[in-house]
file work27.pdb (PDB, C-alpha atoms)
MODEL        1
ATOM      1  CA  MET C   1     -45.379  -8.902 -91.301  1.00  0.00           C
ATOM      2  CA  HIS C   2     -48.968  -8.904 -92.605  1.00  0.00           C
ATOM      3  CA  VAL C   3     -50.341  -5.439 -93.254  1.00  0.00           C
ATOM      4  CA  ARG C   4     -54.054  -5.147 -93.945  1.00  0.00           C
ATOM      5  CA  PRO C   5     -55.378  -2.932 -96.706  1.00  0.00           C
ATOM      6  CA  GLY C   6     -55.568   0.529 -95.223  1.00  0.00           C
ATOM      7  CA  GLY C   7     -52.925  -0.357 -92.670  1.00  0.00           C
ATOM      8  CA  ARG C   8     -50.436   2.349 -91.823  1.00  0.00           C
ATOM      9  CA  ARG C   9     -46.768   2.434 -90.977  1.00  0.00           C
ATOM     10  CA  VAL C  10     -46.234   3.232 -87.307  1.00  0.00           C
ATOM     11  CA  VAL C  11     -43.049   3.750 -85.325  1.00  0.00           C
ATOM     12  CA  VAL C  12     -43.187   2.998 -81.593  1.00  0.00           C
ATOM     13  CA  ILE C  13     -40.487   4.492 -79.369  1.00  0.00           C
ATOM     14  CA  ASP C  14     -40.481   3.273 -75.758  1.00  0.00           C
ATOM     15  CA  ASP C  15     -37.680   2.160 -73.452  1.00  0.00           C
ATOM     16  CA  ASP C  16     -39.888  -0.397 -71.677  1.00  0.00           C
ATOM     17  CA  PRO C  17     -39.639  -3.654 -73.647  1.00  0.00           C
ATOM     18  CA  SER C  18     -43.016  -4.922 -72.413  1.00  0.00           C
ATOM     19  CA  ILE C  19     -44.842  -1.767 -73.485  1.00  0.00           C
ATOM     20  CA  ARG C  20     -42.965  -1.707 -76.770  1.00  0.00           C
ATOM     21  CA  GLU C  21     -43.885  -5.322 -77.514  1.00  0.00           C
ATOM     22  CA  VAL C  22     -47.531  -5.106 -76.527  1.00  0.00           C
ATOM     23  CA  THR C  23     -48.001  -1.865 -78.437  1.00  0.00           C
ATOM     24  CA  ALA C  24     -46.446  -3.387 -81.543  1.00  0.00           C
ATOM     25  CA  LEU C  25     -48.526  -6.535 -81.130  1.00  0.00           C
ATOM     26  CA  ALA C  26     -51.807  -4.645 -80.773  1.00  0.00           C
ATOM     27  CA  LEU C  27     -51.138  -2.287 -83.660  1.00  0.00           C
ATOM     28  CA  SER C  28     -50.098  -5.102 -85.988  1.00  0.00           C
ATOM     29  CA  ALA C  29     -52.344  -8.054 -84.985  1.00  0.00           C
ATOM     30  CA  VAL C  30     -55.436  -5.983 -84.167  1.00  0.00           C
ATOM     31  CA  GLY C  31     -54.916  -2.797 -86.144  1.00  0.00           C
ATOM     32  CA  GLY C  32     -53.300  -4.375 -89.202  1.00  0.00           C
ATOM     33  CA  HIS C  33     -50.510  -1.826 -89.260  1.00  0.00           C
ATOM     34  CA  GLU C  34     -46.863  -2.194 -90.149  1.00  0.00           C
ATOM     35  CA  VAL C  35     -45.010  -1.483 -86.901  1.00  0.00           C
ATOM     36  CA  HIS C  36     -41.367  -0.635 -86.277  1.00  0.00           C
ATOM     37  CA  THR C  37     -39.988  -0.220 -82.767  1.00  0.00           C
ATOM     38  CA  ALA C  38     -37.091   1.528 -81.093  1.00  0.00           C
ATOM     39  CA  GLY C  39     -35.940   1.341 -77.486  1.00  0.00           C
ATOM     40  CA  ASP C  40     -34.595   4.862 -77.132  1.00  0.00           C
ATOM     41  CA  GLY C  41     -35.073   8.320 -78.541  1.00  0.00           C
ATOM     42  CA  ALA C  42     -31.984   8.564 -80.712  1.00  0.00           C
ATOM     43  CA  GLU C  43     -32.644   5.169 -82.287  1.00  0.00           C
ATOM     44  CA  GLY C  44     -36.268   6.187 -82.759  1.00  0.00           C
ATOM     45  CA  VAL C  45     -35.412   9.295 -84.760  1.00  0.00           C
ATOM     46  CA  SER C  46     -33.066   7.271 -86.989  1.00  0.00           C
ATOM     47  CA  LEU C  47     -35.725   4.625 -87.463  1.00  0.00           C
ATOM     48  CA  ALA C  48     -38.360   7.197 -88.358  1.00  0.00           C
ATOM     49  CA  ARG C  49     -35.996   8.793 -90.850  1.00  0.00           C
ATOM     50  CA  ARG C  50     -35.511   5.386 -92.467  1.00  0.00           C
ATOM     51  CA  VAL C  51     -39.099   4.086 -92.598  1.00  0.00           C
ATOM     52  CA  GLN C  52     -40.982   7.400 -93.045  1.00  0.00           C
ATOM     53  CA  PRO C  53     -43.951   6.441 -90.844  1.00  0.00           C
ATOM     54  CA  ASP C  54     -47.541   7.646 -90.974  1.00  0.00           C
ATOM     55  CA  ALA C  55     -47.461   8.125 -87.189  1.00  0.00           C
ATOM     56  CA  ILE C  56     -45.110   7.900 -84.235  1.00  0.00           C
ATOM     57  CA  LEU C  57     -46.130   6.644 -80.803  1.00  0.00           C
ATOM     58  CA  LEU C  58     -43.657   8.141 -78.358  1.00  0.00           C
ATOM     59  CA  ASP C  59     -42.939   7.449 -74.698  1.00  0.00           C
ATOM     60  CA  VAL C  60     -42.365  10.596 -72.652  1.00  0.00           C
ATOM     61  CA  MET C  61     -39.980   9.522 -69.923  1.00  0.00           C
ATOM     62  CA  MET C  62     -36.931   7.785 -71.330  1.00  0.00           C
ATOM     63  CA  PRO C  63     -33.298   7.875 -70.267  1.00  0.00           C
ATOM     64  CA  THR C  64     -30.788   9.907 -72.298  1.00  0.00           C
ATOM     65  CA  VAL C  65     -33.220  11.455 -74.791  1.00  0.00           C
ATOM     66  CA  ASP C  66     -36.752  11.985 -73.493  1.00  0.00           C
ATOM     67  CA  GLY C  67     -39.975  12.144 -75.505  1.00  0.00           C
ATOM     68  CA  PRO C  68     -40.291  15.941 -75.753  1.00  0.00           C
ATOM     69  CA  THR C  69     -36.702  16.150 -77.050  1.00  0.00           C
ATOM     70  CA  VAL C  70     -37.443  13.449 -79.616  1.00  0.00           C
ATOM     71  CA  LEU C  71     -40.531  15.367 -80.720  1.00  0.00           C
ATOM     72  CA  ALA C  72     -38.460  18.530 -81.170  1.00  0.00           C
ATOM     73  CA  ARG C  73     -35.934  16.606 -83.291  1.00  0.00           C
ATOM     74  CA  ILE C  74     -38.694  15.126 -85.427  1.00  0.00           C
ATOM     75  CA  ARG C  75     -40.232  18.542 -85.973  1.00  0.00           C
ATOM     76  CA  ALA C  76     -36.848  19.829 -87.130  1.00  0.00           C
ATOM     77  CA  GLU C  77     -36.302  16.974 -89.610  1.00  0.00           C
ATOM     78  CA  GLU C  78     -36.967  17.491 -93.293  1.00  0.00           C
ATOM     79  CA  GLY C  79     -39.415  14.754 -94.288  1.00  0.00           C
ATOM     80  CA  LEU C  80     -40.574  14.048 -90.735  1.00  0.00           C
ATOM     81  CA  HIS C  81     -41.808  17.361 -89.445  1.00  0.00           C
ATOM     82  CA  ASP C  82     -45.409  16.713 -90.501  1.00  0.00           C
ATOM     83  CA  VAL C  83     -45.631  13.172 -89.100  1.00  0.00           C
ATOM     84  CA  PRO C  84     -48.216  13.067 -86.299  1.00  0.00           C
ATOM     85  CA  VAL C  85     -46.729  12.155 -82.949  1.00  0.00           C
ATOM     86  CA  VAL C  86     -48.763  10.695 -80.104  1.00  0.00           C
ATOM     87  CA  PHE C  87     -47.313  10.731 -76.614  1.00  0.00           C
ATOM     88  CA  LEU C  88     -47.712   7.654 -74.440  1.00  0.00           C
ATOM     89  CA  THR C  89     -47.152   8.487 -70.793  1.00  0.00           C
ATOM     90  CA  ALA C  90     -47.621   7.230 -67.258  1.00  0.00           C
ATOM     91  CA  LYS C  91     -47.689  10.855 -66.090  1.00  0.00           C
ATOM     92  CA  VAL C  92     -51.387  11.515 -65.694  1.00  0.00           C
ATOM     93  CA  GLY C  93     -51.563  14.767 -63.753  1.00  0.00           C
ATOM     94  CA  ALA C  94     -53.639  17.449 -65.480  1.00  0.00           C
ATOM     95  CA  GLN C  95     -50.586  19.701 -65.514  1.00  0.00           C
ATOM     96  CA  ASP C  96     -48.478  16.981 -67.177  1.00  0.00           C
ATOM     97  CA  ILE C  97     -51.065  16.358 -69.880  1.00  0.00           C
ATOM     98  CA  SER C  98     -51.511  20.063 -70.516  1.00  0.00           C
ATOM     99  CA  ARG C  99     -47.751  20.570 -70.834  1.00  0.00           C
ATOM    100  CA  LEU C 100     -47.469  17.679 -73.297  1.00  0.00           C
ATOM    101  CA  ASP C 101     -50.440  18.945 -75.307  1.00  0.00           C
ATOM    102  CA  GLY C 102     -48.677  22.249 -75.662  1.00  0.00           C
ATOM    103  CA  LEU C 103     -45.635  20.664 -77.284  1.00  0.00           C
ATOM    104  CA  GLY C 104     -47.469  19.957 -80.530  1.00  0.00           C
ATOM    105  CA  ALA C 105     -48.306  16.277 -80.205  1.00  0.00           C
ATOM    106  CA  ALA C 106     -51.404  15.049 -82.033  1.00  0.00           C
ATOM    107  CA  ALA C 107     -52.660  13.364 -78.853  1.00  0.00           C
ATOM    108  CA  VAL C 108     -51.593  12.190 -75.426  1.00  0.00           C
ATOM    109  CA  PHE C 109     -52.440   8.619 -74.397  1.00  0.00           C
ATOM    110  CA  THR C 110     -51.965   7.531 -70.797  1.00  0.00           C
ATOM    111  CA  LYS C 111     -50.544   4.333 -69.353  1.00  0.00           C
ATOM    112  CA  PRO C 112     -51.817   1.934 -68.257  1.00  0.00           C
ATOM    113  CA  PHE C 113     -53.917   1.294 -71.330  1.00  0.00           C
ATOM    114  CA  ASP C 114     -56.007  -1.483 -72.847  1.00  0.00           C
ATOM    115  CA  PRO C 115     -53.854  -2.884 -75.685  1.00  0.00           C
ATOM    116  CA  LEU C 116     -56.887  -4.044 -77.647  1.00  0.00           C
ATOM    117  CA  SER C 117     -58.316  -0.529 -77.667  1.00  0.00           C
ATOM    118  CA  LEU C 118     -55.087   1.103 -78.789  1.00  0.00           C
ATOM    119  CA  PRO C 119     -55.570   0.744 -82.569  1.00  0.00           C
ATOM    120  CA  ARG C 120     -59.014   2.314 -82.335  1.00  0.00           C
ATOM    121  CA  LEU C 121     -57.762   5.122 -80.076  1.00  0.00           C
ATOM    122  CA  LEU C 122     -54.967   5.872 -82.508  1.00  0.00           C
ATOM    123  CA  ALA C 123     -57.258   5.783 -85.524  1.00  0.00           C
ATOM    124  CA  ASP C 124     -59.714   8.120 -83.808  1.00  0.00           C
ATOM    125  CA  ALA C 125     -56.998  10.511 -82.679  1.00  0.00           C
ATOM    126  CA  LEU C 126     -55.476  10.736 -86.144  1.00  0.00           C
ATOM    127  CA  GLY C 127     -58.674  10.612 -88.172  1.00  0.00           C
ATOM    128  CA  TRP C 128     -57.867   7.319 -89.837  1.00  0.00           C
ATOM    129  CA  ASP C 129     -60.895   5.579 -91.300  1.00  0.00           C
ATOM    130  CA  ARG C 130     -60.380   2.280 -89.487  1.00  0.00           C
TER     131      ARG C 130
ATOM    132  CA  MET G   1     -63.719  -0.828 -79.625  1.00  0.00           C
ATOM    133  CA  THR G   2     -64.958  -1.156 -76.062  1.00  0.00           C
ATOM    134  CA  SER G   3     -64.125  -3.607 -73.337  1.00  0.00           C
ATOM    135  CA  GLY G   4     -67.493  -5.230 -73.976  1.00  0.00           C
ATOM    136  CA  ASP G   5     -66.595  -6.483 -77.447  1.00  0.00           C
ATOM    137  CA  ARG G   6     -63.058  -7.548 -76.659  1.00  0.00           C
ATOM    138  CA  ALA G   7     -63.601 -11.285 -76.581  1.00  0.00           C
ATOM    139  CA  GLY G   8     -65.427 -11.445 -79.878  1.00  0.00           C
ATOM    140  CA  ASP G   9     -63.019  -9.232 -81.755  1.00  0.00           C
ATOM    141  CA  GLU G  10     -59.829 -10.560 -80.272  1.00  0.00           C
ATOM    142  CA  PRO G  11     -57.788 -12.276 -82.998  1.00  0.00           C
ATOM    143  CA  ALA G  12     -56.260 -15.595 -81.949  1.00  0.00           C
ATOM    144  CA  PRO G  13     -52.692 -14.550 -82.819  1.00  0.00           C
ATOM    145  CA  PHE G  14     -53.087 -11.581 -80.505  1.00  0.00           C
ATOM    146  CA  HIS G  15     -54.458 -13.686 -77.669  1.00  0.00           C
ATOM    147  CA  ASP G  16     -51.661 -16.258 -77.765  1.00  0.00           C
ATOM    148  CA  ALA G  17     -48.875 -13.747 -78.143  1.00  0.00           C
ATOM    149  CA  PHE G  18     -50.365 -11.461 -75.513  1.00  0.00           C
ATOM    150  CA  ALA G  19     -50.575 -14.244 -72.911  1.00  0.00           C
ATOM    151  CA  ASP G  20     -46.885 -14.988 -73.297  1.00  0.00           C
ATOM    152  CA  LEU G  21     -45.924 -11.349 -73.324  1.00  0.00           C
ATOM    153  CA  ALA G  22     -48.064 -10.533 -70.289  1.00  0.00           C
ATOM    154  CA  GLU G  23     -46.498 -13.308 -68.242  1.00  0.00           C
ATOM    155  CA  ARG G  24     -43.011 -11.946 -68.912  1.00  0.00           C
ATOM    156  CA  ALA G  25     -44.125  -8.379 -68.253  1.00  0.00           C
ATOM    157  CA  ARG G  26     -45.719  -9.263 -64.894  1.00  0.00           C
ATOM    158  CA  ALA G  27     -42.562 -11.034 -63.771  1.00  0.00           C
ATOM    159  CA  ARG G  28     -40.501  -8.014 -64.830  1.00  0.00           C
ATOM    160  CA  ASN G  29     -42.795  -5.677 -62.875  1.00  0.00           C
ATOM    161  CA  VAL G  30     -42.490  -7.797 -59.762  1.00  0.00           C
ATOM    162  CA  ARG G  31     -38.688  -7.712 -60.035  1.00  0.00           C
ATOM    163  CA  ARG G  32     -38.799  -3.927 -60.453  1.00  0.00           C
ATOM    164  CA  ALA G  33     -41.039  -3.514 -57.407  1.00  0.00           C
ATOM    165  CA  GLU G  34     -38.837  -5.807 -55.337  1.00  0.00           C
ATOM    166  CA  ARG G  35     -35.862  -3.626 -56.240  1.00  0.00           C
ATOM    167  CA  VAL G  36     -37.826  -0.547 -55.133  1.00  0.00           C
ATOM    168  CA  LEU G  37     -38.601  -2.215 -51.798  1.00  0.00           C
ATOM    169  CA  GLU G  38     -34.924  -3.008 -51.404  1.00  0.00           C
ATOM    170  CA  LEU G  39     -33.897   0.572 -52.208  1.00  0.00           C
ATOM    171  CA  LEU G  40     -36.503   2.400 -50.144  1.00  0.00           C
ATOM    172  CA  GLY G  41     -36.516  -0.096 -47.306  1.00  0.00           C
ATOM    173  CA  ALA G  42     -32.850   0.527 -46.545  1.00  0.00           C
ATOM    174  CA  PRO G  43     -32.086   2.417 -43.297  1.00  0.00           C
ATOM    175  CA  ALA G  44     -30.688   5.345 -45.312  1.00  0.00           C
ATOM    176  CA  VAL G  45     -31.680   6.180 -48.899  1.00  0.00           C
ATOM    177  CA  ASP G  46     -29.357   8.419 -50.897  1.00  0.00           C
ATOM    178  CA  ALA G  47     -30.260  10.584 -53.908  1.00  0.00           C
ATOM    179  CA  ASP G  48     -29.180   7.918 -56.407  1.00  0.00           C
ATOM    180  CA  GLY G  49     -31.348   5.343 -54.676  1.00  0.00           C
ATOM    181  CA  ARG G  50     -34.335   7.668 -54.750  1.00  0.00           C
ATOM    182  CA  ALA G  51     -33.770   8.430 -58.427  1.00  0.00           C
ATOM    183  CA  GLU G  52     -33.547   4.743 -59.316  1.00  0.00           C
ATOM    184  CA  ALA G  53     -36.658   3.992 -57.271  1.00  0.00           C
ATOM    185  CA  ALA G  54     -38.568   6.827 -58.960  1.00  0.00           C
ATOM    186  CA  GLU G  55     -37.637   5.548 -62.407  1.00  0.00           C
ATOM    187  CA  LEU G  56     -38.669   1.994 -61.534  1.00  0.00           C
ATOM    188  CA  LEU G  57     -41.952   3.132 -60.000  1.00  0.00           C
ATOM    189  CA  HIS G  58     -42.750   5.118 -63.120  1.00  0.00           C
ATOM    190  CA  ALA G  59     -42.163   2.016 -65.252  1.00  0.00           C
ATOM    191  CA  VAL G  60     -44.263  -0.180 -62.960  1.00  0.00           C
ATOM    192  CA  THR G  61     -47.118   2.333 -62.920  1.00  0.00           C
ATOM    193  CA  GLY G  62     -47.419   2.238 -66.695  1.00  0.00           C
ATOM    194  CA  SER G  63     -46.685  -1.393 -67.325  1.00  0.00           C
ATOM    195  CA  ALA G  64     -48.368  -3.221 -64.439  1.00  0.00           C
ATOM    196  CA  GLY G  65     -51.836  -1.821 -65.135  1.00  0.00           C
ATOM    197  CA  THR G  66     -51.497  -2.629 -68.812  1.00  0.00           C
ATOM    198  CA  PHE G  67     -50.850  -6.281 -67.948  1.00  0.00           C
ATOM    199  CA  GLY G  68     -53.579  -6.761 -65.334  1.00  0.00           C
ATOM    200  CA  GLN G  69     -51.616  -5.935 -62.162  1.00  0.00           C
ATOM    201  CA  GLU G  70     -53.845  -3.007 -61.215  1.00  0.00           C
ATOM    202  CA  GLU G  71     -53.045  -2.952 -57.497  1.00  0.00           C
ATOM    203  CA  LEU G  72     -49.324  -3.061 -58.208  1.00  0.00           C
ATOM    204  CA  SER G  73     -49.768  -0.153 -60.620  1.00  0.00           C
ATOM    205  CA  ASP G  74     -51.778   1.872 -58.085  1.00  0.00           C
ATOM    206  CA  ALA G  75     -49.337   1.171 -55.250  1.00  0.00           C
ATOM    207  CA  ALA G  76     -46.428   2.222 -57.464  1.00  0.00           C
ATOM    208  CA  ARG G  77     -48.211   5.407 -58.517  1.00  0.00           C
ATOM    209  CA  HIS G  78     -48.923   6.306 -54.881  1.00  0.00           C
ATOM    210  CA  LEU G  79     -45.330   5.747 -53.832  1.00  0.00           C
ATOM    211  CA  ALA G  80     -44.005   7.654 -56.844  1.00  0.00           C
ATOM    212  CA  ALA G  81     -46.182  10.640 -55.907  1.00  0.00           C
ATOM    213  CA  LEU G  82     -44.829  10.614 -52.352  1.00  0.00           C
ATOM    214  CA  LEU G  83     -41.267  10.593 -53.664  1.00  0.00           C
ATOM    215  CA  ARG G  84     -41.974  13.324 -56.205  1.00  0.00           C
ATOM    216  CA  ASP G  85     -43.713  15.591 -53.696  1.00  0.00           C
ATOM    217  CA  GLY G  86     -40.927  15.143 -51.164  1.00  0.00           C
ATOM    218  CA  ASP G  87     -43.344  13.797 -48.582  1.00  0.00           C
ATOM    219  CA  GLY G  88     -40.976  11.010 -47.621  1.00  0.00           C
ATOM    220  CA  VAL G  89     -41.568   7.303 -47.902  1.00  0.00           C
ATOM    221  CA  ARG G  90     -44.291   6.257 -45.529  1.00  0.00           C
ATOM    222  CA  PRO G  91     -44.169   2.704 -44.174  1.00  0.00           C
ATOM    223  CA  GLY G  92     -47.799   2.218 -45.175  1.00  0.00           C
ATOM    224  CA  ALA G  93     -46.977   2.973 -48.807  1.00  0.00           C
ATOM    225  CA  LEU G  94     -44.126   0.474 -48.787  1.00  0.00           C
ATOM    226  CA  ASP G  95     -46.373  -2.125 -47.145  1.00  0.00           C
ATOM    227  CA  ARG G  96     -48.974  -1.589 -49.850  1.00  0.00           C
ATOM    228  CA  LEU G  97     -46.370  -2.138 -52.546  1.00  0.00           C
ATOM    229  CA  ARG G  98     -45.105  -5.226 -50.712  1.00  0.00           C
ATOM    230  CA  ARG G  99     -48.616  -6.690 -50.590  1.00  0.00           C
ATOM    231  CA  ALA G 100     -49.150  -5.907 -54.260  1.00  0.00           C
ATOM    232  CA  VAL G 101     -45.891  -7.664 -55.096  1.00  0.00           C
ATOM    233  CA  GLY G 102     -47.205 -10.718 -53.264  1.00  0.00           C
ATOM    234  CA  ASP G 103     -50.378 -10.606 -55.329  1.00  0.00           C
ATOM    235  CA  GLY G 104     -48.375  -9.936 -58.492  1.00  0.00           C
ATOM    236  CA  THR G 105     -46.259 -13.042 -58.125  1.00  0.00           C
ATOM    237  CA  SER G 106     -49.350 -15.207 -58.227  1.00  0.00           C
ATOM    238  CA  ALA G 107     -51.068 -13.260 -61.037  1.00  0.00           C
TER     239      ALA G 107
ENDMDL
END
call {"tool": "encode", "arguments": {"input": "work27.pdb", "output": "C-alpha cells"}}
result
Amino acid sequence: MHVRPGGRRVVVIDDDPSIREVTALALSAVGGHEVHTAGDGAEGVSLARRVQPDAILLDVMMPTVDGPTVLARIRAEEGLHDVPVVFLTAKVGAQDISRLDGLGAAAVFTKPFDPLSLPRLLADALGWDR
Amino acid sequence: MTSGDRAGDEPAPFHDAFADLAERARARNVRRAERVLELLGAPAVDADGRAEAAELLHAVTGSAGTFGQEELSDAARHLAALLRDGDGVRPGALDRLRRAVGDGTSA
C-alpha cells in the first residue's frame, strides 16, 4: 500500500462490499491514505483498536451492530475516544441527518456520493491540509 | 475537487480499478433490485419479506447512485419511503423499479 506524505490512516466500516471497496480505493489511490476496512461494526471496533486510525468512516445502517452503536463503543474506548468519526449514510432526511449530527460524529456524508470527491470532502470535514 | 476537474485529476490506477469495481457493483445492485421485485411482487408480503426488501432497497439507494445507476437509486429510494411510511407498495413504484432494473442491466 503506497501512502503519500501527509497521508492518514483511515478505517472504513461498511457492510456493503461495493461501497467499502470504492471508498477504500478513492481514499488510497486519490487521497493517498492508508486504508483499512471492516464489514461489520464489531470487526470495525477491533480493527480500529489495532490500527489506531486518524479517522473512521462509518456506515449507519448495518446488521447486528449499527453505526450509532459502533460510535458509542469507540467513544468509550481508551485510545479511540478522540478519533473523529464520519457517518456515511443513505438516510438523507433532514431529521435523520440532525439525529446523526447529535451523536457526536465529526460529519455526516450521504450516499450516493462521488468517489473522486470523497478524499477532499473528508479532508475538508476534518481540517486536514490536503 | 469538483466534477469539472475529475478527468484531469483522475489517477490511472483509480480509473482501471474503479471500472472493474463499478461493473461488479452494478450487477450486484440489479440482483438486489430483482430480489425486491420478487418479494414485493408476491400476492402476499409478510413482515420478514418487507424487512428484507427494505434492507435491500436501502443498500441499492446508496450503492446504485455511487456507481452511475441514478434511476435505479431514485426508484429504490422512492419505494423504500413508501415501505417506511406504511403507504403500501404501489404498482407504479414497482414498475419504476422494474424499468430501472432493465436500464441497469445494460449500464
call {"tool": "closest_residue", "arguments": {"input": "work27.pdb", "among": "C:Ile74, C:Leu116, C:Gly6, C:Phe87", "to": "G:Phe14", "atoms": "all atoms listed in the file"}}
result
C:Leu116
call {"tool": "closest_atom_pairs", "arguments": {"input": "work27.pdb", "of": "chain G", "to": "chain C", "cutoff": "6 Å", "atoms": "all atoms listed in the file", "output": "Markdown table"}}
result
| residue | atom | partner | partner_atom | distance |
| --- | --- | --- | --- | --- |
| G:Met1 | CA | C:Ser117 | CA | 5.8 |
| G:Phe14 | CA | C:Ala29 | CA | 5.7 |
| G:Ala25 | CA | C:Ser18 | CA | 5.5 |
| G:Gly62 | CA | C:Lys111 | CA | 4.6 |
| G:Gly65 | CA | C:Pro112 | CA | 4.9 |
| G:Thr66 | CA | C:Pro112 | CA | 4.6 |
call {"tool": "residues_around", "arguments": {"input": "work27.pdb", "residues": "G:Ala81", "least_positions_apart": "2", "cutoff": "12 Å", "atoms": "all atoms listed in the file", "output": "list in words"}}
result
Ala90, Lys91, Val92 and Gly93 of chain C; Ala53, Ala54, Glu55, Leu57, His58, Thr61, Asp74, Ala75, Ala76, Arg77, His78, Leu79, Leu83, Arg84, Asp85, Gly86, Asp87, Gly88, Val89, Arg90 and Ala93 of chain G
call {"tool": "resolve_selection", "arguments": {"input": "work27.pdb", "expression": "the PyMOL selection byres ((chain G and resi 39) around 12)", "output": "ChimeraX atom specification"}}
result
/G:32-38,40-57,89,94
call {"tool": "write_last_selection", "arguments": {"input": "work27.pdb", "atoms": "C-alpha atoms", "output": "short mmCIF file (atom, residue, chain, number, x, y, z; two decimals), in the frame of the given file"}}
result
data_model
loop_
_atom_site.label_atom_id
_atom_site.label_comp_id
_atom_site.auth_asym_id
_atom_site.auth_seq_id
_atom_site.Cartn_x
_atom_site.Cartn_y
_atom_site.Cartn_z
CA ARG G 32 -38.80 -3.93 -60.45
CA ALA G 33 -41.04 -3.51 -57.41
CA GLU G 34 -38.84 -5.81 -55.34
CA ARG G 35 -35.86 -3.63 -56.24
CA VAL G 36 -37.83 -0.55 -55.13
CA LEU G 37 -38.60 -2.22 -51.80
CA GLU G 38 -34.92 -3.01 -51.40
CA LEU G 40 -36.50 2.40 -50.14
CA GLY G 41 -36.52 -0.10 -47.31
CA ALA G 42 -32.85 0.53 -46.54
CA PRO G 43 -32.09 2.42 -43.30
CA ALA G 44 -30.69 5.34 -45.31
CA VAL G 45 -31.68 6.18 -48.90
CA ASP G 46 -29.36 8.42 -50.90
CA ALA G 47 -30.26 10.58 -53.91
CA ASP G 48 -29.18 7.92 -56.41
CA GLY G 49 -31.35 5.34 -54.68
CA ARG G 50 -34.34 7.67 -54.75
CA ALA G 51 -33.77 8.43 -58.43
CA GLU G 52 -33.55 4.74 -59.32
CA ALA G 53 -36.66 3.99 -57.27
CA ALA G 54 -38.57 6.83 -58.96
CA GLU G 55 -37.64 5.55 -62.41
CA LEU G 56 -38.67 1.99 -61.53
CA LEU G 57 -41.95 3.13 -60.00
CA VAL G 89 -41.57 7.30 -47.90
CA LEU G 94 -44.13 0.47 -48.79
#
call {"tool": "residues_around", "arguments": {"input": "work27.pdb", "residues": "C:Val51", "least_positions_apart": "3", "cutoff": "10 Å", "atoms": "all atoms listed in the file", "output": "ChimeraX atom specification"}}
result
/C:9-11,35-36,46-48,54
call {"tool": "resolve_selection", "arguments": {"input": "work27.pdb", "expression": "the PyMOL selection byres ((chain C and resi 56) around 8)", "output": "list in words"}}
result
Val10, Val11, Val12, Ile13, Ala48, Pro53, Asp54, Ala55, Leu57, Leu58, Val83, Pro84, Val85 and Val86 of chain C
